[in-house]
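Visitor: model39.cif (mmCIF, C-alpha atoms and all ligand atoms) pasted underneath:
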```cif
data_my_file
#
loop_
_atom_site.label_atom_id
_atom_site.label_comp_id
_atom_site.auth_asym_id
_atom_site.auth_seq_id
_atom_site.Cartn_x
_atom_site.Cartn_y
_atom_site.Cartn_z
CA MET A 1 107.81 109.96 89.32
CA LYS A 2 108.57 113.41 88.05
CA VAL A 3 111.57 115.51 89.14
CA ASN A 4 111.53 119.29 88.90
CA THR A 5 114.62 119.83 86.77
CA THR A 6 114.73 123.59 87.49
CA TYR A 7 116.56 122.64 90.67
CA ASN A 8 118.97 119.97 89.50
CA THR A 9 122.18 121.33 91.02
CA LYS A 10 123.23 121.56 94.67
CA GLU A 11 123.50 125.34 94.33
CA ALA A 12 119.99 125.72 92.93
CA LEU A 13 118.57 123.45 95.62
CA LEU A 14 120.36 125.32 98.41
CA GLU A 15 119.04 128.60 97.10
CA LEU A 16 115.55 127.13 97.06
CA TYR A 17 115.86 125.76 100.61
CA ASN A 18 117.10 129.15 101.89
CA LYS A 19 114.46 131.25 100.15
CA PRO A 20 112.44 133.65 102.35
CA LEU A 21 110.26 131.17 104.24
CA LEU A 22 106.85 132.40 103.10
CA GLU A 23 107.99 132.59 99.48
CA LEU A 24 109.19 128.99 99.76
CA VAL A 25 105.90 127.85 101.30
CA PHE A 26 103.94 129.69 98.62
CA GLU A 27 105.91 128.07 95.82
CA ALA A 28 105.52 124.64 97.43
CA ALA A 29 101.78 125.16 97.99
CA THR A 30 101.38 126.13 94.34
CA VAL A 31 103.14 122.97 93.15
CA HIS A 32 101.18 120.87 95.65
CA ARG A 33 97.84 122.05 94.28
CA GLN A 34 98.82 121.13 90.74
CA TYR A 35 99.29 117.46 91.62
CA HIS A 36 97.40 116.75 94.84
CA ASN A 37 94.17 117.56 96.61
CA PRO A 38 95.42 120.00 99.31
CA ARG A 39 92.70 118.99 101.78
CA GLU A 40 93.60 115.31 101.77
CA VAL A 41 96.14 113.96 104.26
CA GLN A 42 96.75 110.24 104.59
CA MET A 43 96.70 108.74 108.06
CA SER A 44 99.15 105.90 108.18
CA SER A 45 99.84 103.71 111.22
CA LEU A 46 103.13 102.20 112.26
CA LEU A 47 103.41 98.82 113.89
CA SER A 48 106.64 97.43 115.28
CA ILE A 49 106.21 93.75 114.46
CA LYS A 50 109.67 92.83 115.79
CA THR A 51 111.19 95.19 118.31
CA GLY A 52 114.74 95.86 119.49
CA GLY A 53 117.85 93.72 119.63
CA CYS A 54 119.07 94.96 116.24
CA PRO A 55 122.75 94.29 115.41
CA GLU A 56 123.18 97.57 113.46
CA ASP A 57 124.70 100.78 114.84
CA CYS A 58 122.39 103.48 113.39
CA GLY A 59 123.23 106.36 115.76
CA TYR A 60 119.65 107.61 116.00
CA CYS A 61 117.98 104.31 116.72
CA PRO A 62 116.67 103.17 120.10
CA GLN A 63 116.34 99.60 118.78
CA ALA A 64 120.05 98.94 118.26
CA ALA A 65 121.11 96.26 120.75
CA ARG A 66 124.41 97.99 121.47
CA TYR A 67 122.80 101.13 122.95
CA HIS A 68 121.27 101.10 126.39
CA THR A 69 117.78 102.44 125.89
CA ASP A 70 114.46 101.64 127.55
CA VAL A 71 113.28 99.67 124.52
CA GLU A 72 112.39 96.09 125.45
CA ALA A 73 113.16 93.54 122.78
CA HIS A 74 110.21 91.48 121.51
CA LYS A 75 110.15 88.61 119.07
CA LEU A 76 108.00 88.67 115.96
CA MET A 77 104.29 89.35 116.57
CA THR A 78 101.75 86.71 115.61
CA VAL A 79 99.66 87.14 112.48
CA ASP A 80 96.48 87.32 114.56
CA SER A 81 97.74 90.17 116.73
CA VAL A 82 98.87 92.09 113.65
CA ILE A 83 95.36 91.70 112.19
CA GLU A 84 93.85 93.00 115.43
CA GLN A 85 96.15 96.06 115.45
CA ALA A 86 95.50 96.72 111.76
CA LYS A 87 91.72 96.62 112.30
CA ASN A 88 92.10 99.06 115.17
CA ALA A 89 94.22 101.42 113.05
CA LYS A 90 91.67 101.23 110.23
CA ALA A 91 88.79 101.93 112.62
CA ASN A 92 90.65 105.07 113.72
CA GLY A 93 90.95 106.32 110.13
CA SER A 94 94.28 104.92 108.93
CA SER A 95 94.36 103.76 105.34
CA ARG A 96 97.92 102.46 105.43
CA LEU A 97 99.83 100.20 107.81
CA CYS A 98 103.60 100.23 107.91
CA MET A 99 105.07 97.17 109.63
CA GLY A 100 108.61 97.66 110.91
CA ALA A 101 111.11 95.03 112.04
CA ALA A 102 114.39 95.75 113.83
CA TRP A 103 116.35 93.60 111.42
CA ARG A 104 119.57 94.31 109.55
CA GLU A 105 118.18 92.34 106.62
CA VAL A 106 115.44 89.93 105.71
CA ARG A 107 116.42 86.28 106.00
CA ASP A 108 114.71 83.40 104.27
CA ASN A 109 113.37 81.79 107.41
CA LYS A 110 110.08 81.10 109.19
CA ASP A 111 109.89 84.68 110.48
CA PHE A 112 109.85 85.95 106.92
CA ASP A 113 107.24 83.32 106.01
CA GLN A 114 105.12 84.80 108.81
CA VAL A 115 105.64 88.37 107.56
CA VAL A 116 104.40 87.22 104.14
CA GLU A 117 101.21 85.99 105.83
CA MET A 118 100.86 89.34 107.63
CA VAL A 119 101.11 91.20 104.32
CA GLN A 120 98.36 89.03 102.81
CA ALA A 121 96.12 89.47 105.84
CA VAL A 122 96.46 93.27 106.00
CA ASN A 123 96.02 93.66 102.25
CA ASP A 124 92.77 91.69 102.65
CA LEU A 125 91.59 94.48 104.98
CA ASP A 126 91.87 96.95 102.07
CA MET A 127 94.67 98.89 103.66
CA GLU A 128 97.86 99.88 101.87
CA VAL A 129 100.53 97.60 103.29
CA CYS A 130 104.05 98.93 103.71
CA CYS A 131 106.96 97.06 105.28
CA THR A 132 110.32 98.24 106.56
CA LEU A 133 112.42 95.19 107.33
CA GLY A 134 115.98 96.24 106.48
CA MET A 135 117.94 95.03 103.48
CA LEU A 136 116.02 92.95 100.98
CA SER A 137 117.00 90.82 97.96
CA GLU A 138 115.11 90.96 94.70
CA ASP A 139 113.63 87.48 95.27
CA GLN A 140 112.41 88.46 98.72
CA ALA A 141 110.92 91.63 97.29
CA LYS A 142 109.09 89.55 94.65
CA ARG A 143 107.70 87.30 97.35
CA LEU A 144 106.35 90.30 99.25
CA LYS A 145 104.90 91.78 96.08
CA ASN A 146 103.16 88.48 95.29
CA ALA A 147 101.64 88.54 98.79
CA GLY A 148 100.15 92.00 98.16
CA LEU A 149 102.75 94.45 99.48
CA PHE A 150 102.01 97.99 98.32
CA ALA A 151 105.20 99.79 99.41
CA TYR A 152 108.61 99.14 100.89
CA ASN A 153 110.23 101.72 103.18
CA HIS A 154 114.00 101.97 103.21
CA ASN A 155 115.52 105.37 103.99
CA LEU A 156 118.76 106.87 102.75
CA ASP A 157 118.46 108.96 105.94
CA SER A 158 120.91 111.71 104.87
CA SER A 159 123.61 112.59 102.33
CA ARG A 160 126.20 109.98 101.32
CA GLU A 161 128.85 112.02 103.18
CA PHE A 162 126.98 112.48 106.48
CA TYR A 163 125.64 108.90 106.47
CA LYS A 164 129.13 107.64 107.42
CA ASP A 165 129.01 109.68 110.65
CA ILE A 166 125.78 108.00 111.70
CA ILE A 167 126.00 104.38 110.57
CA SER A 168 129.04 102.16 110.06
CA THR A 169 127.58 98.67 109.87
CA ARG A 170 126.22 99.01 106.32
CA GLU A 171 126.80 101.31 103.44
CA TYR A 172 124.86 103.88 101.48
CA ASP A 173 125.22 101.67 98.41
CA ASN A 174 123.58 98.75 100.26
CA ARG A 175 120.60 101.02 100.82
CA LEU A 176 120.45 102.03 97.18
CA GLU A 177 120.58 98.35 96.23
CA THR A 178 117.64 97.43 98.47
CA ILE A 179 115.60 100.30 97.05
CA ASP A 180 116.44 99.04 93.58
CA ASN A 181 115.39 95.49 94.49
CA ALA A 182 112.01 96.71 95.70
CA ARG A 183 111.66 98.75 92.53
CA LYS A 184 112.54 95.77 90.30
CA ALA A 185 109.82 93.71 92.00
CA GLY A 186 107.27 96.39 91.08
CA ILE A 187 106.79 97.64 94.66
CA SER A 188 106.16 101.33 95.31
CA VAL A 189 109.18 102.89 97.03
CA CYS A 190 109.00 104.86 100.28
CA SER A 191 112.35 106.43 101.09
CA GLY A 192 113.34 109.60 102.91
CA GLY A 193 115.42 110.76 105.81
CA ILE A 194 115.92 112.38 109.16
CA ILE A 195 116.85 115.98 109.91
CA GLY A 196 118.24 117.24 113.20
CA MET A 197 121.05 114.70 113.58
CA GLY A 198 123.74 117.43 113.48
CA GLU A 199 123.97 117.45 109.68
CA ALA A 200 124.48 120.62 107.62
CA VAL A 201 121.78 121.96 105.31
CA GLU A 202 124.04 120.74 102.48
CA ASP A 203 123.50 117.16 103.71
CA ARG A 204 119.71 117.53 103.55
CA ILE A 205 120.15 118.82 100.00
CA GLY A 206 122.63 115.99 99.29
CA MET A 207 119.99 113.45 100.24
CA LEU A 208 117.47 115.06 97.89
CA MET A 209 120.13 115.01 95.16
CA SER A 210 120.57 111.24 95.70
CA TYR A 211 116.86 110.78 95.09
CA MET A 212 116.95 113.10 92.07
CA GLN A 213 119.69 110.97 90.53
CA MET A 214 117.53 107.83 90.66
CA GLU A 215 116.04 106.63 87.42
CA ASN A 216 112.73 106.53 89.21
CA PRO A 217 112.54 108.60 92.43
CA PRO A 218 110.42 107.38 95.38
CA GLU A 219 106.64 107.61 95.26
CA SER A 220 106.72 108.41 98.96
CA ILE A 221 109.28 110.50 100.87
CA PRO A 222 109.09 110.52 104.69
CA ILE A 223 110.71 113.50 106.39
CA ASN A 224 111.50 112.67 110.01
CA ALA A 225 112.76 115.02 112.70
CA LEU A 226 115.16 113.15 114.95
CA VAL A 227 113.52 111.79 118.09
CA ALA A 228 116.54 112.00 120.39
CA VAL A 229 116.34 108.93 122.60
CA GLU A 230 118.28 108.55 125.84
CA GLY A 231 121.00 105.95 125.49
CA THR A 232 121.62 106.53 121.77
CA PRO A 233 124.69 108.42 120.52
CA LEU A 234 122.38 111.25 119.39
CA GLU A 235 120.63 111.59 122.76
CA ASP A 236 121.92 115.15 123.31
CA GLN A 237 120.93 116.59 119.94
CA LYS A 238 118.85 119.74 120.36
CA PRO A 239 115.38 119.49 118.79
CA ILE A 240 115.39 120.86 115.26
CA GLU A 241 113.75 124.26 114.70
CA GLN A 242 110.21 123.82 113.37
CA TRP A 243 111.13 126.20 110.52
CA GLU A 244 113.71 123.69 109.31
CA MET A 245 111.08 120.96 109.11
CA ILE A 246 108.83 123.32 107.10
CA ARG A 247 111.71 124.20 104.77
CA MET A 248 112.61 120.55 104.24
CA VAL A 249 109.01 119.54 103.50
CA ALA A 250 108.55 122.48 101.11
CA THR A 251 111.81 121.85 99.25
CA THR A 252 111.02 118.14 98.90
CA ARG A 253 107.55 118.93 97.60
CA ILE A 254 108.86 121.35 94.95
CA VAL A 255 111.55 118.99 93.73
CA PHE A 256 109.33 115.87 93.64
CA PRO A 257 105.94 117.29 92.70
CA GLN A 258 104.17 113.93 92.32
CA SER A 259 105.56 112.08 95.33
CA VAL A 260 103.75 111.87 98.66
CA VAL A 261 105.75 113.86 101.22
CA ARG A 262 105.22 112.41 104.68
CA LEU A 263 105.45 114.52 107.83
CA SER A 264 106.83 111.66 109.90
CA ALA A 265 108.65 111.34 113.25
CA GLY A 266 108.99 114.36 115.53
CA ARG A 267 105.44 115.73 115.57
CA THR A 268 105.14 115.65 119.36
CA LYS A 269 107.60 118.57 119.41
CA MET A 270 105.72 120.52 116.71
CA SER A 271 102.92 123.01 117.28
CA MET A 272 99.69 122.64 115.31
CA GLU A 273 100.59 125.90 113.54
CA ALA A 274 103.92 124.50 112.35
CA GLN A 275 102.23 121.29 111.18
CA ALA A 276 99.66 123.43 109.34
CA LEU A 277 102.49 125.14 107.46
CA CYS A 278 103.90 121.72 106.57
CA PHE A 279 100.52 120.66 105.14
CA MET A 280 100.35 123.98 103.29
CA ALA A 281 103.86 123.30 101.96
CA GLY A 282 102.87 119.91 100.59
CA ALA A 283 102.99 117.26 103.32
CA SER A 284 100.07 114.94 102.66
CA SER A 285 100.54 112.19 105.18
CA ILE A 286 101.15 111.72 108.89
CA PHE A 287 101.78 108.74 111.11
CA ALA A 288 98.74 108.39 113.33
CA GLY A 289 98.39 106.67 116.70
CA ASP A 290 100.10 107.31 120.00
CA LYS A 291 103.25 105.38 119.09
CA LEU A 292 105.60 105.45 116.13
CA LEU A 293 107.68 102.27 116.30
CA THR A 294 108.96 102.70 119.84
CA THR A 295 108.65 106.44 120.58
CA PRO A 296 105.61 108.61 121.33
CA ASN A 297 103.43 110.28 118.72
CA PRO A 298 100.30 112.46 119.10
CA GLU A 299 97.14 110.55 120.05
CA PHE A 300 94.44 109.77 117.45
CA ASN A 301 92.11 112.27 119.19
CA GLU A 302 94.63 115.12 119.02
CA ASP A 303 95.10 114.54 115.31
CA LYS A 304 91.35 114.30 114.80
CA GLU A 305 91.02 117.73 116.41
CA MET A 306 93.81 119.08 114.21
CA PHE A 307 92.10 117.71 111.09
CA ASP A 308 88.82 119.37 112.16
CA ILE A 309 90.46 122.72 112.86
CA LEU A 310 92.45 122.73 109.61
CA GLY A 311 89.65 121.27 107.48
CA LEU A 312 91.71 118.26 106.46
CA ILE A 313 90.20 115.00 105.23
CA PRO A 314 91.79 111.55 105.79
CA LYS A 315 92.83 110.14 102.46
CA GLU A 316 91.27 106.93 101.19
CA PRO A 317 93.65 104.04 100.40
CA PHE A 318 95.02 103.37 96.90
CA GLN A 319 94.79 106.94 95.59
CA GLU A 320 98.39 106.66 94.39
CA GLY A 321 98.24 103.22 92.80
CA GLU A 322 95.98 100.21 92.48
CA LYS A 323 95.45 97.74 95.27
CA PRO A 324 97.92 94.88 94.72
CA GLU A 325 96.48 91.40 94.37
CA SER A 326 97.39 88.89 97.06
CA HIS A 327 98.41 85.59 95.49
CA PRO A 328 99.04 82.37 97.42
CA ASP A 329 102.64 82.17 98.57
CA PRO A 330 104.26 78.99 97.13
CA ILE A 331 106.55 78.45 100.16
CA ASN A 332 103.81 78.84 102.76
CA GLU A 333 101.38 76.78 100.68
CA GLU A 334 103.90 73.93 100.48
CA LYS A 335 104.46 74.11 104.26
CA LYS A 336 100.72 73.97 104.88
CA ARG A 337 100.37 71.04 102.50
CA LYS A 338 103.13 69.14 104.28
CA ALA A 339 101.70 69.96 107.71
CA ALA A 340 98.26 68.73 106.62
CA GLU A 341 99.83 65.56 105.26
CA ARG A 342 101.67 64.95 108.54
CA GLU A 343 98.46 65.50 110.47
CA LYS A 344 96.68 62.97 108.26
CA GLU A 345 99.44 60.42 108.78
CA LEU A 346 99.37 60.96 112.54
CA ALA A 347 95.60 60.62 112.65
CA ALA A 348 95.78 57.44 110.57
CA ALA A 349 98.42 56.08 112.93
CA ARG A 350 96.10 56.81 115.83
CA GLY A 351 93.34 55.03 113.93
CA LYS A 352 91.26 58.20 113.71
CA LYS A 353 90.11 60.37 110.85
CA ALA A 354 92.08 63.60 110.27
CA ASP A 355 90.53 66.51 112.19
CA PRO A 356 88.34 68.41 109.67
CA ASN A 357 88.88 71.62 111.70
CA PHE A 358 92.63 71.31 111.44
CA SER A 359 94.17 74.71 110.71
CA PRO A 360 97.78 74.65 109.55
CA ARG A 361 98.35 78.23 110.68
CA LYS A 362 97.98 77.18 114.31
CA VAL A 363 100.73 74.56 114.22
CA THR A 364 104.35 75.40 114.76
CA ILE A 365 106.19 74.78 111.54
CA LEU A 366 109.89 74.19 112.01
N1 LIG B 401 115.46 98.07 110.53
C1 LIG B 401 114.93 98.61 109.36
C2 LIG B 401 115.82 99.61 108.69
O1 LIG B 401 116.64 100.21 109.34
O2 LIG B 401 115.66 99.80 107.48
C3 LIG B 401 113.54 99.20 109.52
C4 LIG B 401 113.18 100.00 110.76
S1 LIG B 401 114.01 101.57 110.97
C5 LIG B 401 113.49 101.95 112.61
C6 LIG B 401 113.16 102.67 109.89
C7 LIG B 401 113.57 104.12 109.86
O3 LIG B 401 113.12 104.79 111.03
C8 LIG B 401 115.05 104.44 109.83
O4 LIG B 401 115.62 104.31 108.57
C9 LIG B 401 115.07 105.89 110.27
O5 LIG B 401 114.98 106.75 109.17
C10 LIG B 401 113.80 106.01 111.14
N2 LIG B 401 114.17 106.24 112.55
C11 LIG B 401 114.66 105.34 113.41
N3 LIG B 401 114.91 105.90 114.62
C12 LIG B 401 114.55 107.20 114.51
C13 LIG B 401 114.59 108.30 115.41
N4 LIG B 401 115.04 108.17 116.64
N5 LIG B 401 114.15 109.50 114.97
C14 LIG B 401 113.68 109.63 113.70
N6 LIG B 401 113.63 108.63 112.81
C15 LIG B 401 114.06 107.43 113.19
C1 LIG B 402 110.11 106.52 108.52
O1 LIG B 402 110.79 107.22 107.74
N1 LIG B 402 109.77 106.90 109.74
C2 LIG B 402 109.06 105.83 110.43
C3 LIG B 402 108.88 104.78 109.30
N2 LIG B 402 109.65 105.32 108.23
C4 LIG B 402 109.23 103.38 109.55
C5 LIG B 402 109.79 105.35 111.63
C6 LIG B 402 110.06 106.42 112.64
C7 LIG B 402 110.67 105.79 113.84
C8 LIG B 402 110.91 106.75 114.95
C9 LIG B 402 111.60 106.11 116.10
C10 LIG B 402 110.84 105.05 116.81
O2 LIG B 402 109.64 105.23 117.11
O3 LIG B 402 111.42 104.00 117.12
FE1 LIG B 403 118.36 98.35 113.26
FE2 LIG B 403 116.80 99.68 111.56
FE3 LIG B 403 117.34 100.66 114.02
FE4 LIG B 403 119.24 100.61 112.19
S1 LIG B 403 117.32 101.79 112.08
S2 LIG B 403 119.45 99.97 114.33
S3 LIG B 403 118.76 98.72 111.10
S4 LIG B 403 116.20 98.83 113.55
#
```
Could you render the structure from this file as structure tokens?
Guide:
Amino acid sequence: MKVNTTYNTKEALLELYNKPLLELVFEAATVHRQYHNPREVQMSSLLSIKTGGCPEDCGYCPQAARYHTDVEAHKLMTVDSVIEQAKNAKANGSSRLCMGAAWREVRDNKDFDQVVEMVQAVNDLDMEVCCTLGMLSEDQAKRLKNAGLFAYNHNLDSSREFYKDIISTREYDNRLETIDNARKAGISVCSGGIIGMGEAVEDRIGMLMSYMQMENPPESIPINALVAVEGTPLEDQKPIEQWEMIRMVATTRIVFPQSVVRLSAGRTKMSMEAQALCFMAGASSIFAGDKLLTTPNPEFNEDKEMFDILGLIPKEPFQEGEKPESHPDPINEEKKRKAAEREKELAAARGKKADPNFSPRKVTIL
């Protein structure tokens, strides 16, 4: 992914961010048109496959167990219900599904085996599959890639300096490591941040600098406005000015001309006019559907109306990279083989033939 080296110092980036707004938007729109079709905006759906009860202390997050929010904890969804939700999202125009789990990190257990199955099943629907599951090892990343994962989302959230004020249970370097592990497995990287947490403009620039310093910056950069949720340490943060969101999108677009800049959380507080300026300034994706992971988002119908008014077209999947192949997962295949063998033995013991309709997915594998 290209970086615009004209702005490779903090000073130059700050000057860019603070440019007269319409000049900034014009420059961003010009860059955007060189690399992207300005009418195309990807609709991507979020699905919280495992909700709440997270041991981390991310100050913005309603899913952290230690904060008292209205989020109800739920265990991992079944593969069948994920397929149903994915089909629904696709029918409403989404070409990408991002599955999020309130985990600190991925563990090598049966829940992860199930996530691998989800990735295969959603990839089979010809949707771009993205996961955001917390920290990830290189081996786990390879397993997801083999199953057909298109992208992994793991945000730096802010600058290295401000990060410490927001999260104490894991470090900036852990995040960089996870991003690197996804990269090494050949997975497209989705990584961005949140504005409106009380950070200075320098911190927003600092985050962009962190991405600029990467050997290979993210293919996808989500820009979220904080959704201040009651019960979290950031519950009293004032909503960010819409102009700041436009500036952040525009600056990101200019610095990373090839990446997809995603206008992410916080759209319920934005007017259609402000969102239009974000699209003008280079945002080419939104999260669609009335829920993000746990907080509200505009309804499909509202976004459909916005697309009609602004003349936007939902983007087809795999415009930014080929559809990954789903290969059989060796661990799940072995489990299925063993389960089938056990079933055969049981049937033999009962003096019956093994059930030809036996489906290993329906048995509980310990
Ligand atoms: N647990 C995993 C992790 O932290 O990597 C994945 C899920 S986590 C909810 C994904 C991202 O959502 C966070 O990194 C953060 O950028 C964003 N996020 C969470 N709560 C938010 C909020 N209240 N407002 C805006 N963005 C938020
Ligand atoms: C990202 O940067 N934003 C999305 C996605 N990646 C996973 C998540 C936004 C979550 C907003 C808070 C919530 O709904 O829980
Ligand atoms: Fe847990 Fe992720 Fe929320 Fe942090 S952002 S508390 S890791 S779910």
Visitor: Pick out the residues no farther than 9 Å from ligand LIG 403 (chain B), counting all atoms listed in the file, and list them as a ChimeraX atom specification.
Guide: /A:51-66,100-105,132-135,167,169-170
Visitor: Between CA of Thr294 (chain A) and CA of Ile83 (chain A), what is the spacing in Å?
Guide: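 Pair CA of Ile83 (chain A) / CA of Thr294 (chain A) returns 19.1 Å.
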Visitor: Centre and edge lengths of an axis-aligned box around all listed atoms of ligand LIG 402 (chain B), with 3 Å added on each side, are to be given in Å to one decimal, as JSON.
Guide:
```
{"center_x": 110.2, "center_y": 105.3, "center_z": 112.4, "size_x": 8.7, "size_y": 9.8, "size_z": 15.4}
```
Visitor: Fewer than 6 positions away in the same chain doesn't count, so skip those; otherwise give me all residues within 10 Å of Glu320 (chain A), counting all atoms listed in the file, as JSON, numbers by chain.
Guide: {"A": [188, 219, 220, 258, 259, 260]}
Visitor: With all atoms listed in the file as the basis for distance, which of A:Ala73, A:Leu136, A:Leu46, A:Ala348 is at the shortest distance from ligand LIG 402 (chain B)?
Guide: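 Among the listed residues, A:Leu46 lies closest to ligand LIG 402 (chain B).
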Visitor: What residues of the protein or nucleic acid chains come within 7 Å of ligand LIG 402 (chain B) when you use all atoms listed in the file? Reply as a list in words.
Guide: Leu46, Cys61, Pro62, Gln63, Cys98, Gly100, Thr132, Asn153, Asn155, Ser191, Gly192, Gly193, Pro222, Ile223, Asn224, Val227, Ser264, Ala265, Lys291, Leu292, Leu293, Thr294, Thr295 and Pro296 of chain A
Visitor: Please produce a file of the residues just selected, as a PDB file, in the frame of the given file, where the atoms kept are C-alpha atoms.
Guide:
```pdb
ATOM      1  CA  LEU A  46     103.130 102.200 112.260  1.00  0.00           C
ATOM      2  CA  CYS A  61     117.980 104.310 116.720  1.00  0.00           C
ATOM      3  CA  PRO A  62     116.670 103.170 120.100  1.00  0.00           C
ATOM      4  CA  GLN A  63     116.340  99.600 118.780  1.00  0.00           C
ATOM      5  CA  CYS A  98     103.600 100.230 107.910  1.00  0.00           C
ATOM      6  CA  GLY A 100     108.610  97.660 110.910  1.00  0.00           C
ATOM      7  CA  THR A 132     110.320  98.240 106.560  1.00  0.00           C
ATOM      8  CA  ASN A 153     110.230 101.720 103.180  1.00  0.00           C
ATOM      9  CA  ASN A 155     115.520 105.370 103.990  1.00  0.00           C
ATOM     10  CA  SER A 191     112.350 106.430 101.090  1.00  0.00           C
ATOM     11  CA  GLY A 192     113.340 109.600 102.910  1.00  0.00           C
ATOM     12  CA  GLY A 193     115.420 110.760 105.810  1.00  0.00           C
ATOM     13  CA  PRO A 222     109.090 110.520 104.690  1.00  0.00           C
ATOM     14  CA  ILE A 223     110.710 113.500 106.390  1.00  0.00           C
ATOM     15  CA  ASN A 224     111.500 112.670 110.010  1.00  0.00           C
ATOM     16  CA  VAL A 227     113.520 111.790 118.090  1.00  0.00           C
ATOM     17  CA  SER A 264     106.830 111.660 109.900  1.00  0.00           C
ATOM     18  CA  ALA A 265     108.650 111.340 113.250  1.00  0.00           C
ATOM     19  CA  LYS A 291     103.250 105.380 119.090  1.00  0.00           C
ATOM     20  CA  LEU A 292     105.600 105.450 116.130  1.00  0.00           C
ATOM     21  CA  LEU A 293     107.680 102.270 116.300  1.00  0.00           C
ATOM     22  CA  THR A 294     108.960 102.700 119.840  1.00  0.00           C
ATOM     23  CA  THR A 295     108.650 106.440 120.580  1.00  0.00           C
ATOM     24  CA  PRO A 296     105.610 108.610 121.330  1.00  0.00           C
TER      25      PRO A 296
END
```
Visitor: What is the distance, in Å and to one decimal place, between CA of Ile49 (chain A) and CA of Lys304 (chain A)?
Guide: 25.4 Å
Visitor: Between A:Pro239, A:Pro317, A:Gly93, A:Gly148, which has the minimum distance to ligand LIG 401 (chain B) (counting only C-alpha atoms and all ligand atoms)?
Guide: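 Of A:Pro239, A:Pro317, A:Gly93, A:Gly148, the one nearest ligand LIG 401 (chain B) is A:Pro239, counting only C-alpha atoms and all ligand atoms.
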Visitor: Just checking: using only C-alpha atoms and all ligand atoms, which residue out of A:Ile240, A:Ala228, A:Leu14, A:Ile179 ends up closest to ligand LIG 401 (chain B)?
Guide: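 That would be A:Ala228, the residue with the smallest distance to ligand LIG 401 (chain B).
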Visitor: Which residue is closest to Ile246 (chain A)? Choose from A:Gly321, A:Pro38, A:Pro298, A:Gly282 and count all atoms listed in the file.
Guide: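 Among the listed residues, the smallest separation from Ile246 (chain A) belongs to A:Gly282.
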Visitor: When you draw a straight line from CA of Gln213 (chain A) to CA of Arg160 (chain A), how long is it in Å?
Guide: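 CA of Arg160 (chain A) lies at a distance of 12.6 Å from CA of Gln213 (chain A).
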Visitor: From the list A:Ser284, A:Gln237, A:Ser137, A:Gln85, which residue is nearest Arg39 (chain A) when using all atoms listed in the file?
Guide: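 For Arg39 (chain A), the nearest of the candidates is A:Ser284.
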Visitor: What's around Ala151 (chain A) at 10 Å? Count all atoms listed in the file, leave out sequence neighbours fewer than 6 positions away in its own chain, and write the answer as a VMD selection string.
Guide: chain A and resid 96 to 98 128 to 132 144 to 145 182 to 183 186 to 191 219 to 220 324
Visitor: From the options A:Gln114, A:Arg262, A:Met1, A:Asn146, which residue's atoms come nearest to Val249 (chain A), counting all atoms listed in the file?
Guide: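 Result for the nearest residue to Val249 (chain A): A:Arg262.
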Visitor: Set the distance at 9 Å and use only C-alpha atoms: which residues neighbour Lys238 (chain A) once local chain neighbours fewer than 4 positions away are removed? I'd like the list as a list in words.
Guide: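 Listed by chain and then number, they are Gly196, Met197, Gly198 and Ala228 of chain A.
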Visitor: Taking (113.2, 127.0, 113.8) in the file's coordinates, which residues come within 12 Å, counting all atoms listed in the file, written as a PDB file with C-alpha atoms, in the frame of the given file?
Guide:
```pdb
ATOM      1  CA  LEU A  21     110.260 131.170 104.240  1.00  0.00           C
ATOM      2  CA  GLY A 196     118.240 117.240 113.200  1.00  0.00           C
ATOM      3  CA  LYS A 238     118.850 119.740 120.360  1.00  0.00           C
ATOM      4  CA  PRO A 239     115.380 119.490 118.790  1.00  0.00           C
ATOM      5  CA  ILE A 240     115.390 120.860 115.260  1.00  0.00           C
ATOM      6  CA  GLU A 241     113.750 124.260 114.700  1.00  0.00           C
ATOM      7  CA  GLN A 242     110.210 123.820 113.370  1.00  0.00           C
ATOM      8  CA  TRP A 243     111.130 126.200 110.520  1.00  0.00           C
ATOM      9  CA  GLU A 244     113.710 123.690 109.310  1.00  0.00           C
ATOM     10  CA  MET A 245     111.080 120.960 109.110  1.00  0.00           C
ATOM     11  CA  ILE A 246     108.830 123.320 107.100  1.00  0.00           C
ATOM     12  CA  ARG A 247     111.710 124.200 104.770  1.00  0.00           C
ATOM     13  CA  MET A 248     112.610 120.550 104.240  1.00  0.00           C
ATOM     14  CA  LYS A 269     107.600 118.570 119.410  1.00  0.00           C
ATOM     15  CA  MET A 270     105.720 120.520 116.710  1.00  0.00           C
ATOM     16  CA  SER A 271     102.920 123.010 117.280  1.00  0.00           C
ATOM     17  CA  ALA A 274     103.920 124.500 112.350  1.00  0.00           C
TER      18      ALA A 274
END
```
Visitor: Neighbouring residues of Gly206 (chain A) were defined as those with any atom within 10 Å, considering only C-alpha atoms; residues of the same chain fewer than 2 positions away were excluded. Please report them as a ChimeraX atom specification.
Guide: /A:9-10,13-14,158-162,200-204,208-212
Visitor: May I have the residues within 12 Å of Met306 (chain A) as a list in words, using all atoms listed in the file and disregarding those fewer than 2 positions away in the same chain?
Guide: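 So, after excluding close chain neighbours, the residues are Val41, Ser271, Met272, Glu273, Ala274, Gln275, Ala276, Phe279, Ile286, Ala288, Pro298, Glu299, Phe300, Asn301, Glu302, Asp303, Lys304, Asp308, Ile309, Leu310, Gly311, Leu312, Ile313 and Pro314 of chain A.
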